[in-house]
Amino acid sequence: MSIISKYLTREIIKYFGIILLTVICIFLAVDFFEKIDNFIEADLPFSTTIRFFQFRIPFIIAQIAPVCILLAVLVVLGLMNKNNEIIALKSSGISIYFFLRPVLSIGLLFAVFLFFLSETVVPITINNANMIWLKEVKKKSAVISKEKNIWIKGNRSILNIKYYNPTNKTVSGVTLYYFDLDFLLTRRVDAKSGFYKNENWVFHEVVEQIRDKETGNYRIELHEQIVEKLDFLPDDLKRVIKKSEEMNFKELYRYIKNIESEGYDATIYKVDLNAKIAFPFVCIIMCLLAIGIAIKIKRGRTLSICITYGIGIIFLYWVLYSFCLSLGYGGILPPIIASWMANLIFLSFGGLTLLNAE
């Protein structure tokens with residue numbers, strides 16, 4: 001590795017660390033002031049609050065790492081441009097493509113780091129944080145198995161949902177158990193599907209079993225549709241379902257197979273599965289964009305303009321990335337295209353920017 005490559009690597013990693021620490025502090029501060037009232041109302045010890053935010057840190061790092069690597073490269077190359085160091089290198093016959101190898105190597109390193117962080121640490125810590133928030137802060141009595149079943153305990157009732165689709169807010173494979181004061185089963189409702197409407201749950205293709213108080217026998221009734229007033233909302237289910245970020249690639253793949261084997265739609269999870277591979281690659285793309293932008297901008301106002309461009313690029317990428325994922329969730333785009341489209345568009349833009357800079 002040449003002296004210049006070592007210098008670039010050292011400076012980029014240094015500024016990456018500074019920017020990452022700054023952004024984490026901002027995220028935690030905003031998150032803290034948003035949620036502190038909930039922790040106070042739940043009368044939880046301060047140590048639990050600290051543990052919650054500690055568990056959130058790996059997830060925050062996984063989300064903001066591409067942002068930080070883009071800004072770090074922009075700052076380093078922007079300062080070099082401002083100090084005429086890039087002009088001096090060009091005068092010595094060194095092409096801007098000389099910067100590609102060390103910078104893209106760093107991008108690849110961070111992409112690999114981000115993938116393994118999301119595969120190993122994030123699923124464990126974000127699950128712990130969600131459990132603290134759900135059970136200790138919100139006092140919800142809902143639990144979900146590692147596979148897919150959701151169990152919710154109500155007032156003398158237990159609800160089991162095999163699958164919840166957060167996109168259209170529908171439930172499938174529903175079983176309701178109602179008990180008397182002696183905890184004897186008085187009524188059971190099995191429904192193929194259901195949805196929330198006008199503060200009630202509407203269930204379809206229902207088999208209802210009702211216990212006769214005198215004989216103790218159960219009579220069976222079939223319904224095309226029934227309406228039930230239950231003490232939980234779609235948002236409650238959204239909090240307790242097993243989220244994609246709580247599973248690594250292998251677990252999510254197995255989760256998809258289990259869902260599909262029972263005839264449920266796993267489109268949203270297929271999109272997230274492809275996104276687990278696609279998202280880390282944005283570190284490389286952001287490095288490519290940063291080189292072209294930092295070198296192309298005129299000297300004198302380089303740093304401020306670089307940071308402005310960087311924030312703008314980050315905003316546009318997140319809008320496009322989220323939009324493409326939404327199209328995938330809705331079934332408009334195939335999962336693999338929805339996950340990779342934003343990367344391909346910005347990769348093309350980065351290549352054009354680099355060519356114009358030269």
# chains A, B, ... in the order shown; residues from 1 in each chain; ligands from 1
>>> residues_around(residues="segment 283-295 of chain A", least_positions_apart="4", cutoff="6 Å", atoms="only C-alpha atoms", output="MDAnalysis selection string")
chainID A and resid 66 70 73:74 77:78 104 107:108 111 347 350 353:354 357
>>> write_last_selection(atoms="C-alpha atoms", output="compact mmCIF listing (two decimals), in the first residue's frame")
# COMPACT_ATOMS: atom_id res chain seq x y z
CA PRO A 66 -23.61 4.18 4.71
CA LEU A 70 -20.28 8.90 2.44
CA VAL A 73 -15.03 10.30 2.19
CA LEU A 74 -16.52 13.66 1.19
CA LEU A 77 -11.36 14.44 -0.24
CA GLY A 78 -12.99 17.84 0.21
CA LEU A 104 -13.57 1.41 -2.62
CA GLY A 107 -16.30 0.72 1.18
CA LEU A 108 -16.06 -3.04 0.65
CA ALA A 111 -20.08 -3.45 3.48
CA LEU A 347 -24.37 3.05 -8.97
CA GLY A 350 -21.88 7.38 -9.33
CA THR A 353 -20.23 11.44 -11.83
CA LEU A 354 -16.78 9.87 -11.75
CA ALA A 357 -15.01 14.47 -12.78
>>> select_by_dssp(residues="segment 68-168 of chain A", states="strand (DSSP E)", output="list in words")
Ala142, Val143, Ile144, Ile150, Trp151, Ile152, Lys153, Gly154, Ser157, Ile158, Leu159, Asn160, Ile161, Lys162, Tyr163, Tyr164 and Asn165 of chain A
>>> write_last_selection(atoms="C-alpha atoms", output="PDB file, in the first residue's frame")
ATOM      1  CA  ALA A 142     -48.679 -10.631  23.751  1.00  0.00           C
ATOM      2  CA  VAL A 143     -45.945 -13.043  22.822  1.00  0.00           C
ATOM      3  CA  ILE A 144     -44.773 -14.503  19.537  1.00  0.00           C
ATOM      4  CA  ILE A 150     -48.889 -14.761  17.992  1.00  0.00           C
ATOM      5  CA  TRP A 151     -50.554 -15.303  21.363  1.00  0.00           C
ATOM      6  CA  ILE A 152     -52.487 -12.521  23.096  1.00  0.00           C
ATOM      7  CA  LYS A 153     -53.999 -12.891  26.565  1.00  0.00           C
ATOM      8  CA  GLY A 154     -57.084 -10.782  27.206  1.00  0.00           C
ATOM      9  CA  SER A 157     -59.744 -14.889  26.661  1.00  0.00           C
ATOM     10  CA  ILE A 158     -56.761 -16.073  24.656  1.00  0.00           C
ATOM     11  CA  LEU A 159     -56.169 -15.250  21.010  1.00  0.00           C
ATOM     12  CA  ASN A 160     -53.908 -17.158  18.648  1.00  0.00           C
ATOM     13  CA  ILE A 161     -52.975 -15.763  15.223  1.00  0.00           C
ATOM     14  CA  LYS A 162     -50.900 -17.866  12.864  1.00  0.00           C
ATOM     15  CA  TYR A 163     -49.957 -15.029  10.533  1.00  0.00           C
ATOM     16  CA  TYR A 164     -50.307 -11.245  10.449  1.00  0.00           C
ATOM     17  CA  ASN A 165     -49.675  -9.273   7.249  1.00  0.00           C
TER      18      ASN A 165
END
>>> closest_residue(among="A:Pro234, A:Gly310, A:Lys138, A:Tyr253", to="Glu41 of chain A", atoms="only C-alpha atoms")
A:Lys138
>>> residues_around(residues="Pro166 of chain A", least_positions_apart="2", cutoff="12 Å", atoms="only C-alpha atoms", output="MDAnalysis selection string")
chainID A and resid 163:164 168:172 195:196 233:244 265:269 329:330
>>> select_by_dssp(residues="segment 254-295 of chain A", states="alpha helix (DSSP H)", output="MDAnalysis selection string")
chainID A and resid 254:261 267:278 282:295
>>> atom_distance(atom1="atom CA of Asn217 of chain A", atom2="atom CA of Leu230 of chain A")
25.4 Å
>>> residues_around(residues="Ile4 of chain A", least_positions_apart="5", cutoff="10 Å", atoms="only C-alpha atoms", output="mmCIF file with C-alpha atoms, in the first residue's frame")
data_model
loop_
_atom_site.group_PDB
_atom_site.id
_atom_site.type_symbol
_atom_site.label_atom_id
_atom_site.label_comp_id
_atom_site.auth_asym_id
_atom_site.auth_seq_id
_atom_site.Cartn_x
_atom_site.Cartn_y
_atom_site.Cartn_z
ATOM 1 C CA THR A 9 -7.435 5.000 4.681
ATOM 2 C CA ARG A 10 -6.369 6.475 8.017
ATOM 3 C CA LEU A 89 -1.447 14.886 -7.434
ATOM 4 C CA PHE A 98 -5.927 6.334 -8.228
ATOM 5 C CA PHE A 99 -8.323 7.154 -5.377
ATOM 6 C CA PRO A 102 -8.187 2.610 -1.358
#
>>> closest_residue(among="A:Ser5, A:Gln54, A:Ser193, A:Gln63", to="Lys276 of chain A", atoms="only C-alpha atoms")
A:Gln63
>>> atom_distance(atom1="atom CA of Ile277 of chain A", atom2="atom CA of Leu344 of chain A")
13.4 Å
>>> decode(residues="segment 124-186 of chain A", atoms="C-alpha atoms", output="tab-separated table (two decimals), in the first residue's frame")
chain	number	residue	atom	x	y	z
A	124	ILE	CA	-30.25	-10.25	19.18
A	125	THR	CA	-30.02	-6.68	20.47
A	126	ILE	CA	-33.04	-5.29	18.61
A	127	ASN	CA	-35.14	-8.22	19.84
A	128	ASN	CA	-34.06	-7.47	23.43
A	129	ALA	CA	-34.92	-3.79	22.96
A	130	ASN	CA	-38.33	-4.63	21.50
A	131	MET	CA	-39.10	-7.01	24.36
A	132	ILE	CA	-38.26	-4.32	26.94
A	133	TRP	CA	-40.46	-1.83	25.11
A	134	LEU	CA	-43.34	-4.25	24.61
A	135	LYS	CA	-43.47	-6.12	27.91
A	136	GLU	CA	-41.94	-3.75	30.48
A	137	VAL	CA	-42.87	-0.34	29.07
A	138	LYS	CA	-46.15	-0.96	27.23
A	139	LYS	CA	-47.17	-3.88	29.51
A	140	LYS	CA	-48.49	-5.87	26.57
A	141	SER	CA	-49.34	-9.49	27.31
A	142	ALA	CA	-48.68	-10.63	23.75
A	143	VAL	CA	-45.95	-13.04	22.82
A	144	ILE	CA	-44.77	-14.50	19.54
A	145	SER	CA	-42.99	-17.75	18.99
A	146	LYS	CA	-39.75	-17.93	17.03
A	147	GLU	CA	-41.74	-19.29	14.11
A	148	LYS	CA	-44.83	-17.17	13.53
A	149	ASN	CA	-47.66	-17.78	16.03
A	150	ILE	CA	-48.89	-14.76	17.99
A	151	TRP	CA	-50.55	-15.30	21.36
A	152	ILE	CA	-52.49	-12.52	23.10
A	153	LYS	CA	-54.00	-12.89	26.56
A	154	GLY	CA	-57.08	-10.78	27.21
A	155	ASN	CA	-59.76	-10.59	29.88
A	156	ARG	CA	-60.71	-14.28	30.27
A	157	SER	CA	-59.74	-14.89	26.66
A	158	ILE	CA	-56.76	-16.07	24.66
A	159	LEU	CA	-56.17	-15.25	21.01
A	160	ASN	CA	-53.91	-17.16	18.65
A	161	ILE	CA	-52.97	-15.76	15.22
A	162	LYS	CA	-50.90	-17.87	12.86
A	163	TYR	CA	-49.96	-15.03	10.53
A	164	TYR	CA	-50.31	-11.25	10.45
A	165	ASN	CA	-49.67	-9.27	7.25
A	166	PRO	CA	-48.57	-5.76	8.24
A	167	THR	CA	-48.94	-4.44	4.67
A	168	ASN	CA	-52.72	-4.87	4.42
A	169	LYS	CA	-53.25	-5.34	8.17
A	170	THR	CA	-55.00	-8.69	7.85
A	171	VAL	CA	-54.78	-11.77	10.07
A	172	SER	CA	-54.92	-15.42	9.02
A	173	GLY	CA	-55.44	-18.64	10.93
A	174	VAL	CA	-57.26	-17.07	13.89
A	175	THR	CA	-58.42	-18.97	16.98
A	176	LEU	CA	-60.25	-17.30	19.89
A	177	TYR	CA	-60.71	-19.02	23.25
A	178	TYR	CA	-63.20	-17.64	25.81
A	179	PHE	CA	-63.25	-18.87	29.44
A	180	ASP	CA	-65.54	-18.51	32.44
A	181	LEU	CA	-64.47	-17.62	35.99
A	182	ASP	CA	-63.42	-21.23	36.61
A	183	PHE	CA	-61.29	-21.10	33.47
A	184	LEU	CA	-63.51	-23.58	31.63
A	185	LEU	CA	-63.73	-23.10	27.88
A	186	THR	CA	-67.13	-21.59	27.05
